Amino acid sequence: MPNVFKSITDTGVGASLTTVYTCPASTTAVVIGCNVSNTTGSQITVDLKLNKNVGDDVFVVKNIPIPNGSSYEFIAGSKLVLETADTLEVQSSAATSVDVIVSVLESS
């Protein structure tokens, strides 16, 4: 079972839920970081949602305010475990307003 660290990025996430990470087949992933950056000149709110392949979909956070030019670390000090086909989605209150970095450790 090899372990692989990965860094996934997405730019210009906007006002609809956007999948920023999908756990591959036959894999367990540990999210060790998820940073979002407000790239606009105004305050926005951001949602982070975990969609489970098996089980209930849940918001990790909903409507977290992020001032203009600032960033927020969702998983600071904790971890989030994803299983095959689980996804992480991000949504902003404004179009093309968020850059996202997700750091994961995958085991297959």
# chains A, B, ... in the order shown; residues from 1 in each chain; ligands from 1
>>> residues_around(residues="Thr28 of chain A", least_positions_apart="3", cutoff="12 Å", atoms="only C-alpha atoms", output="PyMOL selection string")
chain A and resi 1-4+22-25+31+80-87+104-108
>>> write_last_selection(atoms="C-alpha atoms", output="compact mmCIF listing (two decimals), in the first residue's frame")
# COMPACT_ATOMS: atom_id res chain seq x y z
CA MET A 1 0.00 0.00 0.00
CA PRO A 2 2.03 2.99 -1.18
CA ASN A 3 1.43 6.39 0.38
CA VAL A 4 1.54 9.42 -1.92
CA THR A 22 -12.19 13.19 -5.89
CA CYS A 23 -10.74 10.21 -4.03
CA PRO A 24 -9.56 7.66 -6.63
CA ALA A 25 -10.74 4.04 -6.87
CA VAL A 31 -6.98 15.61 3.69
CA LEU A 80 -10.57 14.58 7.04
CA VAL A 81 -10.71 11.00 5.73
CA LEU A 82 -12.14 10.32 2.26
CA GLU A 83 -12.86 6.93 0.75
CA THR A 84 -13.20 5.82 -2.87
CA ALA A 85 -15.33 8.25 -4.93
CA ASP A 86 -15.86 10.72 -2.06
CA THR A 87 -15.49 14.34 -3.20
CA VAL A 104 -3.86 15.00 0.69
CA LEU A 105 -2.11 11.77 1.59
CA GLU A 106 -3.43 8.94 -0.58
CA SER A 107 -3.09 5.24 0.30
CA SER A 108 -3.99 2.58 -2.25
>>> residues_around(residues="Gly69 of chain A", least_positions_apart="3", cutoff="10 Å", atoms="only C-alpha atoms", output="VMD selection string")
chain A and resid 37 to 43 66
>>> closest_residue(among="A:Ile64, A:Ala95, A:Cys34, A:Val58", to="Val46 of chain A", atoms="only C-alpha atoms")
A:Ile64
>>> residues_around(residues="Val13 of chain A", least_positions_apart="6", cutoff="7 Å", atoms="only C-alpha atoms", output="list in words")
Gln91, Ser92, Thr96, Ser97, Val98 and Asp99 of chain A
>>> select_by_dssp(residues="chain A", states="strand (DSSP E or B)", output="number ranges by chain")
A: 3-13, 18-22, 28-38, 44-51, 58-66, 71-73, 80-82, 87-92, 98-107
>>> residues_around(residues="Asn63 of chain A", least_positions_apart="4", cutoff="9 Å", atoms="only C-alpha atoms", output="short mmCIF file (atom, residue, chain, number, x, y, z; two decimals) with C-alpha atoms, in the first residue's frame")
data_model
loop_
_atom_site.label_atom_id
_atom_site.label_comp_id
_atom_site.auth_asym_id
_atom_site.auth_seq_id
_atom_site.Cartn_x
_atom_site.Cartn_y
_atom_site.Cartn_z
CA ILE A 44 -17.20 36.76 0.25
CA THR A 45 -18.57 33.67 1.98
CA VAL A 46 -17.36 30.16 1.20
CA ASP A 47 -18.76 26.64 1.69
CA LEU A 48 -16.75 23.40 1.88
CA SER A 92 -18.29 30.99 -3.09
CA SER A 93 -20.89 33.71 -2.84
#
>>> closest_residue(among="A:Ala76, A:Leu88, A:Thr11, A:Ile32", to="Lys49 of chain A", atoms="only C-alpha atoms")
A:Leu88
